[in-house]
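Peer 1: Quick one: this structure, given as structure tokens, is what I'll be asking you about.
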Amino acid sequence: MTTSTRPTPAPAVLVLEDGRFFRGCAYGAVGETFGEAVFSTGMTGYQETLTDPSYHRQVVVMTAPHVGNTGVNDEDPESGRIWVAGYVVRDPARVPSSWRSVRTLDEELAGQGVVGISGVDTRALTRHLRERGAMRVGIFSGEAVGADADLLARVRAVPQMKGADLCGEVATTESYVVPAQGERRFTVAAVDLGIKGMTPQRMAERGIEVHVLPATASVADIYAVEPDGVFFSNGPGDPATADHPVSLVRGVLERGTPLFGICFGNQVLGRALGFGTFKLKYGHRGINQPVQDRATGKVEITAHNHGFAVDAPLEGPAPTPFGRAEVSHVCLNDQVVEGLRLLDRPAFSVQYHPEAAAGPHDAAYLFDRFVSLMEAQRA
């Protein structure tokens, strides 16, 4: 009889900027990493979370205690790489249990150089972030672990997320086309601010040829593809820094082309209309957030990943340089603005992720709403 033992993982420590320490074991790559500590309430879909460009420079704490159960496959990623700055789990799976798995999550993190930590009390860490708010964090493992005072000083030297201009770091540098499935009905110019792969896929399923453009595209670049509609994607960073995307939105609104934005695109539309944005205490992240469509009263369970929100009046249409605008969706947990709609031009946006990767399909109708705007404009 032979027995095998798993190698003992290196010690690791997570350090928050307010001086709270959590000690555990290395998970993924061994070394050090820094970012903003945030928590995700999703119980599944960790591959989509890891590869979402919106998580750039964020250290994600998983509130679900068991992570990695289904391993990693090559079909579910939302981009070509893992974007999270670090990963925090309580009880990583020892062996993945899925016929689709081709390697373990630990192996994937290590292979892409993503430093993580396991064996920490993620419930206590999440409660701490809820009470104190998202904050700067560092994870140190192996030889990177040093004196507590030195580690804390290094964490406090990291730039904050507020004021961070990150879209250009995650967006494509070259335009590309996602062809329509079946007959091409419409052409859409999609401005990549950190787009997820499933988003143009959902549009392609509806007969839309999607031209994905860099975040640095000009209004002329947008209209060079002769679009029936223009889409602004999700993305990372502080929307207060997104002056160029805001100017693009205004250019599209001036021409009256149907416009749809999600997540960061919602915040950019809000700024283009003259509303402000602000940083949430700890944000919305996960695939179980309740949002109400105020036009129908319907409640949707939705996928979120945002730490900033639009500051728009919840009651009544508000005047803007492009006509009247109203809040179309609100989060039922905290009444945060989750959608905007123009009443005098064909434009709308939502703060969450209707492409359902990962997440429920309650909001898939929003892509149909975009199609309806383009149909009406054509007619």
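Going through the structure tokens in order, the chains are called A, B, and so on, while each chain numbers its residues from 1 and the ligands are numbered from 1 in the order shown.
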Determine which residues of segment 215-311 of chain A DSSP labels as helix (DSSP H, G or I) from the backbone of this structure, then write them out as a PyMOL selection string.

Peer 2: chain A and resi 219-224+239-241+243-255+264-272

Peer 1: With the cut-off set at 6 Å and counting only C-alpha atoms, tabulate each residue of segment 92-119 of chain A with an atom at most that distance from an atom of segment 24-27 of chain A, showing the nearest atom pair and its distance in Å to one decimal, ordered by chain and increasing number, as a Markdown table.

Peer 2:
| residue | atom | partner | partner_atom | distance |
| --- | --- | --- | --- | --- |
| A:Gly116 | CA | A:Tyr27 | CA | 4.7 |
| A:Ile117 | CA | A:Tyr27 | CA | 4.7 |
| A:Ser118 | CA | A:Cys25 | CA | 5.2 |
| A:Gly119 | CA | A:Gly24 | CA | 4.9 |

Peer 1: Restricting it to N, CA and C atoms, dump the selection as a PDB file, in the first residue's frame.

Peer 2:
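The resulting file, part23.pdb, is reproduced below:
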ATOM      1  N   GLY A 116      -2.861  34.324  -4.017  1.00  0.00           N
ATOM      2  CA  GLY A 116      -4.063  34.196  -3.212  1.00  0.00           C
ATOM      3  C   GLY A 116      -3.743  33.697  -1.825  1.00  0.00           C
ATOM      4  N   ILE A 117      -4.799  33.581  -1.021  1.00  0.00           N
ATOM      5  CA  ILE A 117      -4.664  33.077   0.339  1.00  0.00           C
ATOM      6  C   ILE A 117      -5.890  32.250   0.667  1.00  0.00           C
ATOM      7  N   SER A 118      -5.687  31.137   1.369  1.00  0.00           N
ATOM      8  CA  SER A 118      -6.793  30.285   1.805  1.00  0.00           C
ATOM      9  C   SER A 118      -6.691  30.060   3.301  1.00  0.00           C
ATOM     10  N   GLY A 119      -7.764  29.481   3.848  1.00  0.00           N
ATOM     11  CA  GLY A 119      -7.755  29.164   5.266  1.00  0.00           C
ATOM     12  C   GLY A 119      -8.038  30.338   6.177  1.00  0.00           C
TER      13      GLY A 119
END

Peer 1: Tell me, which residues of segment 52-177 of chain A carry DSSP strand (DSSP E), written as an NGL selection string?

Peer 2: :A and (58-62 or 66-67 or 86-88 or 91-92 or 115-118 or 135-141 or 176-177)

Peer 1: Just N, CA, C and O atoms for this one: save the residues we selected as a tab-separated table (two decimals), in the first residue's frame.

Peer 2:
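This is the output file part.tsv:
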chain	number	residue	atom	x	y	z
A	58	GLN	N	-8.31	44.65	-8.13
A	58	GLN	CA	-9.08	44.34	-6.94
A	58	GLN	C	-8.74	42.94	-6.42
A	58	GLN	O	-8.51	42.01	-7.20
A	59	VAL	N	-8.69	42.82	-5.11
A	59	VAL	CA	-8.47	41.54	-4.43
A	59	VAL	C	-9.84	41.04	-3.99
A	59	VAL	O	-10.50	41.68	-3.16
A	60	VAL	N	-10.29	39.94	-4.57
A	60	VAL	CA	-11.66	39.48	-4.38
A	60	VAL	C	-11.72	38.46	-3.25
A	60	VAL	O	-11.02	37.45	-3.26
A	61	VAL	N	-12.60	38.74	-2.29
A	61	VAL	CA	-12.89	37.83	-1.19
A	61	VAL	C	-14.18	37.09	-1.52
A	61	VAL	O	-15.22	37.71	-1.75
A	62	MET	N	-14.12	35.77	-1.57
A	62	MET	CA	-15.30	34.97	-1.85
A	62	MET	C	-16.05	34.67	-0.56
A	62	MET	O	-15.49	34.10	0.38
A	66	HIS	N	-16.72	27.30	0.19
A	66	HIS	CA	-16.04	26.29	-0.62
A	66	HIS	C	-15.89	26.80	-2.05
A	66	HIS	O	-16.88	27.08	-2.72
A	67	VAL	N	-14.67	26.92	-2.50
A	67	VAL	CA	-14.38	27.48	-3.82
A	67	VAL	C	-13.44	26.53	-4.57
A	67	VAL	O	-12.53	25.94	-3.98
A	86	GLY	N	-5.80	39.65	-6.68
A	86	GLY	CA	-5.56	38.62	-5.67
A	86	GLY	C	-6.86	37.91	-5.36
A	86	GLY	O	-7.95	38.40	-5.71
A	87	TYR	N	-6.77	36.76	-4.68
A	87	TYR	CA	-7.95	35.93	-4.46
A	87	TYR	C	-7.92	35.38	-3.04
A	87	TYR	O	-6.87	34.88	-2.59
A	88	VAL	N	-9.08	35.46	-2.36
A	88	VAL	CA	-9.17	35.06	-0.96
A	88	VAL	C	-10.30	34.05	-0.80
A	88	VAL	O	-11.45	34.36	-1.13
A	91	ASP	N	-12.12	27.64	2.18
A	91	ASP	CA	-11.85	26.20	2.04
A	91	ASP	C	-11.75	25.83	0.57
A	91	ASP	O	-12.76	25.50	-0.05
A	92	PRO	N	-10.57	25.85	-0.01
A	92	PRO	CA	-10.44	25.46	-1.42
A	92	PRO	C	-10.69	23.97	-1.60
A	92	PRO	O	-10.33	23.16	-0.74
A	115	VAL	N	-1.60	35.77	-6.93
A	115	VAL	CA	-1.34	35.44	-5.53
A	115	VAL	C	-2.66	35.41	-4.77
A	115	VAL	O	-3.48	36.32	-4.86
A	116	GLY	N	-2.86	34.32	-4.02
A	116	GLY	CA	-4.06	34.20	-3.21
A	116	GLY	C	-3.74	33.70	-1.83
A	116	GLY	O	-2.58	33.41	-1.49
A	117	ILE	N	-4.80	33.58	-1.02
A	117	ILE	CA	-4.66	33.08	0.34
A	117	ILE	C	-5.89	32.25	0.67
A	117	ILE	O	-7.01	32.59	0.25
A	118	SER	N	-5.69	31.14	1.37
A	118	SER	CA	-6.79	30.28	1.80
A	118	SER	C	-6.69	30.06	3.30
A	118	SER	O	-5.69	30.41	3.94
A	135	MET	N	-11.25	48.66	1.06
A	135	MET	CA	-10.01	49.37	1.39
A	135	MET	C	-8.82	48.68	0.74
A	135	MET	O	-8.94	47.58	0.20
A	136	ARG	N	-7.68	49.34	0.81
A	136	ARG	CA	-6.46	48.77	0.23
A	136	ARG	C	-6.03	47.54	1.03
A	136	ARG	O	-6.25	47.45	2.24
A	137	VAL	N	-5.40	46.61	0.32
A	137	VAL	CA	-5.03	45.34	0.94
A	137	VAL	C	-3.77	44.79	0.27
A	137	VAL	O	-3.49	45.11	-0.90
A	138	GLY	N	-3.06	43.97	1.00
A	138	GLY	CA	-1.93	43.23	0.44
A	138	GLY	C	-2.00	41.79	0.89
A	138	GLY	O	-2.47	41.49	2.00
A	139	ILE	N	-1.60	40.88	0.01
A	139	ILE	CA	-1.46	39.47	0.37
A	139	ILE	C	0.02	39.12	0.20
A	139	ILE	O	0.62	39.39	-0.85
A	140	PHE	N	0.59	38.50	1.23
A	140	PHE	CA	2.01	38.13	1.22
A	140	PHE	C	2.12	36.66	1.58
A	140	PHE	O	1.50	36.19	2.54
A	141	SER	N	2.91	35.91	0.83
A	141	SER	CA	3.09	34.50	1.13
A	141	SER	C	4.54	34.09	0.88
A	141	SER	O	5.29	34.75	0.14
A	176	TYR	N	-12.01	44.65	-33.47
A	176	TYR	CA	-12.32	43.32	-33.99
A	176	TYR	C	-13.83	43.18	-34.14
A	176	TYR	O	-14.60	43.99	-33.60
A	177	VAL	N	-14.25	42.18	-34.89
A	177	VAL	CA	-15.67	42.01	-35.21
A	177	VAL	C	-16.16	40.67	-34.69
A	177	VAL	O	-15.51	39.64	-34.89

Peer 1: For the interface of segment 204-308 of chain A with segment 40-47 of chain A (cut-off 8 Å, counting only C-alpha atoms), please tabulate each contacting residue of segment 204-308 of chain A alongside its nearest pair of atoms and their separation in Å to one decimal, rows sorted by chain and increasing number, as CSV.

Peer 2:
residue,atom,partner,partner_atom,distance
A:His284,CA,A:Ser40,CA,7.8
A:Arg285,CA,A:Ser40,CA,4.7
A:Gly286,CA,A:Gly42,CA,4.4
A:Ile287,CA,A:Gly42,CA,5.1
A:Asn288,CA,A:Gly42,CA,6.7

Peer 1: Pick out the closest residue to Ala164 of chain A from this set: A:Thr257, A:Ser372, A:Gln351, A:Thr241. Count only C-alpha atoms.

Peer 2: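 The shortest atom-to-atom distance to Ala164 of chain A comes from A:Thr241.
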
Peer 1: Near Arg184 of chain A, within 8 Å and counting only C-alpha atoms, which residues show up once chain neighbours fewer than 4 positions away are dropped, as a list in words?

Peer 2: Ala180, Gly207, Ile208 and Glu209 of chain A

Peer 1: Could you check the closest approach to Tyr352 of chain A for each of A:Gly261, A:Pro96, A:Gly276, A:Gly168 and tell me which residue wins, using only C-alpha atoms?

Peer 2: A:Gly261

Peer 1: With only C-alpha atoms as the atoms that count, which of A:Glu108, A:Glu36, A:Glu17, A:Glu48 lies nearest to Ala358 of chain A?

Peer 2: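 Counting only C-alpha atoms, the residue closest to Ala358 of chain A is A:Glu48.
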
Peer 1: Measure the distance from atom CA of Ala215 of chain A to atom CA of His56 of chain A in Å and round it to one decimal.

Peer 2: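 Separation of atom CA of Ala215 of chain A and atom CA of His56 of chain A: 15.5 Å.
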
Peer 1: Which residue out of A:Val120, A:Leu213, A:Asp368, A:Ser54 has the minimum interatomic distance to His304 of chain A when only C-alpha atoms are used?

Peer 2: A:Ser54

Peer 1: For segment 247-250 of chain A, work out the shell of residues within 9 Å, counting only C-alpha atoms and skipping chain neighbours fewer than 3 positions away, then give it as a list in words.

Peer 2: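 Non-adjacent residues within range: Ala217, Ser218, Val219, Ile222, Val230, Phe232, Ala242, Asp243, His244, Leu253, Glu254, Arg255, Leu259, Val268, Leu269, Ala272, Leu273 and Phe322 of chain A.
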
Peer 1: Restricting it to N, CA, C and O atoms, dump the selection as a PDB file, in the first residue's frame.

Peer 2:
ATOM      1  N   ALA A 217     -11.104  55.031 -29.061  1.00  0.00           N
ATOM      2  CA  ALA A 217     -11.766  55.341 -30.337  1.00  0.00           C
ATOM      3  C   ALA A 217     -12.361  56.740 -30.310  1.00  0.00           C
ATOM      4  O   ALA A 217     -12.728  57.266 -29.256  1.00  0.00           O
ATOM      5  N   SER A 218     -12.474  57.322 -31.489  1.00  0.00           N
ATOM      6  CA  SER A 218     -13.090  58.643 -31.619  1.00  0.00           C
ATOM      7  C   SER A 218     -14.528  58.488 -32.086  1.00  0.00           C
ATOM      8  O   SER A 218     -14.966  57.400 -32.482  1.00  0.00           O
ATOM      9  N   VAL A 219     -15.266  59.580 -32.062  1.00  0.00           N
ATOM     10  CA  VAL A 219     -16.630  59.560 -32.600  1.00  0.00           C
ATOM     11  C   VAL A 219     -16.599  59.182 -34.075  1.00  0.00           C
ATOM     12  O   VAL A 219     -17.460  58.425 -34.561  1.00  0.00           O
ATOM     13  N   ILE A 222     -16.339  55.487 -34.415  1.00  0.00           N
ATOM     14  CA  ILE A 222     -17.621  54.838 -34.139  1.00  0.00           C
ATOM     15  C   ILE A 222     -18.503  54.857 -35.380  1.00  0.00           C
ATOM     16  O   ILE A 222     -19.064  53.835 -35.791  1.00  0.00           O
ATOM     17  N   VAL A 230     -25.031  51.990 -30.673  1.00  0.00           N
ATOM     18  CA  VAL A 230     -23.718  52.096 -30.039  1.00  0.00           C
ATOM     19  C   VAL A 230     -23.836  51.564 -28.615  1.00  0.00           C
ATOM     20  O   VAL A 230     -24.779  51.881 -27.890  1.00  0.00           O
ATOM     21  N   PHE A 232     -21.792  50.823 -24.844  1.00  0.00           N
ATOM     22  CA  PHE A 232     -20.673  51.149 -23.958  1.00  0.00           C
ATOM     23  C   PHE A 232     -20.618  50.090 -22.857  1.00  0.00           C
ATOM     24  O   PHE A 232     -21.605  49.858 -22.166  1.00  0.00           O
ATOM     25  N   ALA A 242     -13.275  59.238 -16.456  1.00  0.00           N
ATOM     26  CA  ALA A 242     -13.582  58.773 -17.818  1.00  0.00           C
ATOM     27  C   ALA A 242     -14.041  59.913 -18.725  1.00  0.00           C
ATOM     28  O   ALA A 242     -15.114  59.850 -19.350  1.00  0.00           O
ATOM     29  N   ASP A 243     -13.227  60.937 -18.848  1.00  0.00           N
ATOM     30  CA  ASP A 243     -13.636  62.097 -19.648  1.00  0.00           C
ATOM     31  C   ASP A 243     -13.788  61.756 -21.125  1.00  0.00           C
ATOM     32  O   ASP A 243     -14.716  62.240 -21.789  1.00  0.00           O
ATOM     33  N   HIS A 244     -12.886  60.932 -21.656  1.00  0.00           N
ATOM     34  CA  HIS A 244     -12.996  60.601 -23.082  1.00  0.00           C
ATOM     35  C   HIS A 244     -14.238  59.774 -23.388  1.00  0.00           C
ATOM     36  O   HIS A 244     -14.993  60.118 -24.319  1.00  0.00           O
ATOM     37  N   LEU A 253     -25.195  60.814 -28.418  1.00  0.00           N
ATOM     38  CA  LEU A 253     -26.496  61.382 -28.067  1.00  0.00           C
ATOM     39  C   LEU A 253     -26.862  62.547 -28.982  1.00  0.00           C
ATOM     40  O   LEU A 253     -28.031  62.715 -29.356  1.00  0.00           O
ATOM     41  N   GLU A 254     -25.881  63.339 -29.359  1.00  0.00           N
ATOM     42  CA  GLU A 254     -26.145  64.473 -30.256  1.00  0.00           C
ATOM     43  C   GLU A 254     -26.671  64.017 -31.604  1.00  0.00           C
ATOM     44  O   GLU A 254     -27.488  64.686 -32.229  1.00  0.00           O
ATOM     45  N   ARG A 255     -26.219  62.843 -32.039  1.00  0.00           N
ATOM     46  CA  ARG A 255     -26.650  62.307 -33.336  1.00  0.00           C
ATOM     47  C   ARG A 255     -27.931  61.492 -33.238  1.00  0.00           C
ATOM     48  O   ARG A 255     -28.493  61.104 -34.266  1.00  0.00           O
ATOM     49  N   LEU A 259     -28.523  54.002 -28.085  1.00  0.00           N
ATOM     50  CA  LEU A 259     -27.356  53.786 -27.216  1.00  0.00           C
ATOM     51  C   LEU A 259     -27.757  52.898 -26.042  1.00  0.00           C
ATOM     52  O   LEU A 259     -28.823  53.067 -25.455  1.00  0.00           O
ATOM     53  N   VAL A 268     -20.900  56.268 -17.200  1.00  0.00           N
ATOM     54  CA  VAL A 268     -20.457  57.215 -18.223  1.00  0.00           C
ATOM     55  C   VAL A 268     -21.658  57.954 -18.816  1.00  0.00           C
ATOM     56  O   VAL A 268     -21.604  59.168 -19.042  1.00  0.00           O
ATOM     57  N   LEU A 269     -22.756  57.229 -19.068  1.00  0.00           N
ATOM     58  CA  LEU A 269     -23.964  57.897 -19.547  1.00  0.00           C
ATOM     59  C   LEU A 269     -24.460  58.893 -18.506  1.00  0.00           C
ATOM     60  O   LEU A 269     -24.852  60.026 -18.851  1.00  0.00           O
ATOM     61  N   ALA A 272     -22.439  61.944 -18.761  1.00  0.00           N
ATOM     62  CA  ALA A 272     -22.736  62.673 -20.000  1.00  0.00           C
ATOM     63  C   ALA A 272     -24.029  63.483 -19.875  1.00  0.00           C
ATOM     64  O   ALA A 272     -24.176  64.527 -20.514  1.00  0.00           O
ATOM     65  N   LEU A 273     -24.939  62.997 -19.047  1.00  0.00           N
ATOM     66  CA  LEU A 273     -26.220  63.691 -18.839  1.00  0.00           C
ATOM     67  C   LEU A 273     -26.107  64.797 -17.800  1.00  0.00           C
ATOM     68  O   LEU A 273     -27.067  65.545 -17.592  1.00  0.00           O
ATOM     69  N   PHE A 322     -29.821  66.652 -23.025  1.00  0.00           N
ATOM     70  CA  PHE A 322     -30.331  65.801 -24.104  1.00  0.00           C
ATOM     71  C   PHE A 322     -31.782  65.385 -23.864  1.00  0.00           C
ATOM     72  O   PHE A 322     -32.231  64.353 -24.341  1.00  0.00           O
TER      73      PHE A 322
END

Peer 1: Residues near Gly28 of chain A, anyone? I mean within 7 Å using only C-alpha atoms, not counting same-chain ones fewer than 5 positions away, as a list of chain:residue names.

Peer 2: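 The residues that qualify are A:Asp106, A:Glu107, A:Leu109, A:Ala110, A:Val114, A:Val115, A:Gly116.
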
Peer 1: Between atom CA of Gly197 of chain A and atom CA of Tyr223 of chain A, what distance in Å does the model show, to one decimal?

Peer 2: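 These atoms are spaced 22.5 Å apart.
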
Peer 1: Write out as a list in words the residues lying within 6 Å of Ser101 of chain A, counting only C-alpha atoms and excluding same-chain residues fewer than 6 positions away.

Peer 2: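 Result of the neighbour search: Gly71, Val72 and Asn73 of chain A.
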
Peer 1: Let's have the selection written as a short mmCIF file (atom, residue, chain, number, x, y, z; two decimals), in the first residue's frame, with C-alpha atoms.

Peer 2:
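Writing the result to again24.cif gives the following:
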data_model
loop_
_atom_site.label_atom_id
_atom_site.label_comp_id
_atom_site.auth_asym_id
_atom_site.auth_seq_id
_atom_site.Cartn_x
_atom_site.Cartn_y
_atom_site.Cartn_z
CA GLY A 71 -12.18 23.20 -11.26
CA VAL A 72 -11.33 25.25 -14.34
CA ASN A 73 -12.37 24.74 -17.96
#

Peer 1: Nearest residue to Asp148 of chain A out of A:Asp293, A:Leu14, A:Ala224, A:Pro77, using only C-alpha atoms?

Peer 2: A:Leu14

Peer 1: Which is closest to Pro65 of chain A among A:Glu205, A:Asp121, A:Glu183, A:Asp221, if we use only C-alpha atoms?

Peer 2: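 Closest residue, counting only C-alpha atoms: A:Asp121.
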
Peer 1: State, in Å with one decimal place, the distance from atom CA of Ala220 of chain A to atom CA of Ser79 of chain A.

Peer 2: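 About the pair atom CA of Ala220 of chain A and atom CA of Ser79 of chain A: they are 26.8 Å apart.
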
Peer 1: Give me the residues near Glu338 of chain A as a ChimeraX atom specification, where near means some atom within 6 Å (using only C-alpha atoms) and where sequence neighbours in that chain fewer than 4 positions away do not count.

Peer 2: /A:329-330,350-351
